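Taking it in order: structure first as structure tokens, then the write-up.
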Amino acid sequence: MSAESTIQVIALDGIPEIRSGDDLPGHIGDAIVRSEGALPLRDDDVLVVTQKVVSKAEGAVVDLAAVEPRPEAIEFARRFDRDPRQVEVVLREARRVVRMTNGVLITETPHGFVCANGGVDASNVGPDSGAVVTLLPRDPDGSAARIRAAVRERFGIDVPVIVSDSFGRPWRWGIVDVAIGVSGLVPLDDLRGVADADGRVMRSTVRAVADELASAAELVLGKTAARPVAIVRGAAFTRGEGSIRDLVMPAENDLFR
């Protein structure tokens, strides 16, 4: 799909506090109907849904009262003023602990993501704040696919879906939203072998399109406005049955492993 000169991002209004078992695709559809400018949906729309509401709807939530932390978690929490139960949940969810020092816990998740706290989060969890944490969805691509199918059935148009989450970046302060699940689009735009504007053939440029779309959506969603879903309209992307696995760097390419 060719690039447009203007991109619009529409935050969807009126999505309620989501709990386990709620019909999240139904709530998203209702929000599309009530949000000014959302309809009619277009071929160049992408729906970006934040991880937190997906996790809550799917029951990917842990009650901290039921967590018995191991000695390692207790000692780490004591030294760095952390909740030992939350540290324990992070360790349980980790495929690999990458770094655990100075109060920072970096792990590799079962999905292959390397991120702070393995995506375990205590913020924006709703009325049970302080008592529960959310986990990443077990199958974020599947989560995106179910929302996409429900939107297609209701509105008669196939809108790609991204599930997003906030990640830090090595050697840079601050977080950005990135894609952790996709359905209906190719998450990478491989420009290797393509000539740039000066005619020079690019050798290493691969655009993380799904991440760019997720970050664009976050600019209107924010972290404190209780708006978990947005439509990004007019951006360039390629339709296709991509997977978030396409974005995960294989271990043999990791220069810092």
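Each chain in the structure tokens gets a letter, A, B and so on, in the order shown; residues start at 1 in every chain, and ligands are counted from 1 in the order they appear.
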Select from region 116-195 of chain A every residue with an atom at most 10 Å from any atom of region 28-49 of chain A, then for each give the shortest pair of atoms and their distance in Å to one decimal, using only C-alpha atoms, rows by chain and rising number, as JSON lines.
{"residue": "A:Ser143", "atom": "CA", "partner": "A:Val49", "partner_atom": "CA", "distance": 9.9}
{"residue": "A:Ala144", "atom": "CA", "partner": "A:Val49", "partner_atom": "CA", "distance": 8.2}
{"residue": "A:Ile147", "atom": "CA", "partner": "A:Ile28", "partner_atom": "CA", "distance": 8.4}
{"residue": "A:Arg148", "atom": "CA", "partner": "A:Leu47", "partner_atom": "CA", "distance": 8.4}
{"residue": "A:Ala150", "atom": "CA", "partner": "A:Gly29", "partner_atom": "CA", "distance": 8.1}
{"residue": "A:Val151", "atom": "CA", "partner": "A:Gly29", "partner_atom": "CA", "distance": 6.4}
{"residue": "A:Arg152", "atom": "CA", "partner": "A:Gly29", "partner_atom": "CA", "distance": 9.9}
{"residue": "A:Arg154", "atom": "CA", "partner": "A:Gly29", "partner_atom": "CA", "distance": 7.5}
{"residue": "A:Phe155", "atom": "CA", "partner": "A:Leu41", "partner_atom": "CA", "distance": 7.8}
{"residue": "A:Gly156", "atom": "CA", "partner": "A:Leu41", "partner_atom": "CA", "distance": 9.2}
{"residue": "A:Ile157", "atom": "CA", "partner": "A:Leu41", "partner_atom": "CA", "distance": 7.1}
{"residue": "A:Asp158", "atom": "CA", "partner": "A:Asp43", "partner_atom": "CA", "distance": 7.5}
{"residue": "A:Val159", "atom": "CA", "partner": "A:Val46", "partner_atom": "CA", "distance": 5.8}
{"residue": "A:Pro160", "atom": "CA", "partner": "A:Val46", "partner_atom": "CA", "distance": 5.1}
{"residue": "A:Val161", "atom": "CA", "partner": "A:Leu47", "partner_atom": "CA", "distance": 4.7}
{"residue": "A:Ile162", "atom": "CA", "partner": "A:Val48", "partner_atom": "CA", "distance": 4.8}
{"residue": "A:Val163", "atom": "CA", "partner": "A:Val49", "partner_atom": "CA", "distance": 4.9}
{"residue": "A:Ser164", "atom": "CA", "partner": "A:Val49", "partner_atom": "CA", "distance": 6.1}
{"residue": "A:Asp165", "atom": "CA", "partner": "A:Val49", "partner_atom": "CA", "distance": 8.9}
{"residue": "A:Ala179", "atom": "CA", "partner": "A:Val48", "partner_atom": "CA", "distance": 8.8}
{"residue": "A:Gly181", "atom": "CA", "partner": "A:Val49", "partner_atom": "CA", "distance": 9.6}
{"residue": "A:Val182", "atom": "CA", "partner": "A:Val48", "partner_atom": "CA", "distance": 9.3}
{"residue": "A:Ser183", "atom": "CA", "partner": "A:Val46", "partner_atom": "CA", "distance": 9.9}
{"residue": "A:Gly184", "atom": "CA", "partner": "A:Val46", "partner_atom": "CA", "distance": 9.1}
{"residue": "A:Leu185", "atom": "CA", "partner": "A:Val46", "partner_atom": "CA", "distance": 8.9}
Fewer than 5 positions away in the same chain doesn't count, so skip those; otherwise give me all residues within 10 Å of Glu17 (chain A), counting only C-alpha atoms, as a ChimeraX atom specification. /A:22,53,56-57,124-127,226,228
Who sits within 12 Å of Val87 (chain A), only C-alpha atoms, same chain under 2 positions skipped, as an MDAnalysis selection string: chainID A and resid 64 67:78 80:85 89:94 97 100 103:107 116:122 133
DSSP-assigned alpha helix (DSSP H) members of region 20-241 of chain A, reported as a ChimeraX atom specification: /A:24-34,51-57,71-80,84-93,140-155,209-221
What residues in region 148-207 of chain A get the DSSP label strand (DSSP E or B)? Please answer as a VMD selection string. chain A and resid 161 to 169 172 to 183 185 189 to 190 195 201 206 to 207
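From CA of Pro170 (chain A) back to CA of Thr205 (chain A), the distance works out to 19.2 Å.
Our summary of the geometry notes that CA of Gly14 (chain A) is positioned 8.0 Å from CA of Arg227 (chain A).
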Can you work out which one of A:Val114, A:Ile180, A:Val132, A:Ala217 has the shortest atom-to-atom distance to Arg245 (chain A), counting only C-alpha atoms?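 Ranked by minimum distance to Arg245 (chain A), first place goes to A:Ile180.
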Computed interatomic separation between CA of Asn253 (chain A) and CA of Val186 (chain A) (Å):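 Taking CA of Asn253 (chain A) as the start and CA of Val186 (chain A) as the end point, the length is 20.8 Å.
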Could you check the closest approach to Ala60 (chain A) for each of A:Asp189, A:Glu252, A:Asp139, A:Glu218 and tell me which residue wins, using only C-alpha atoms?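 Of all the options, A:Asp139 lies closest to Ala60 (chain A).
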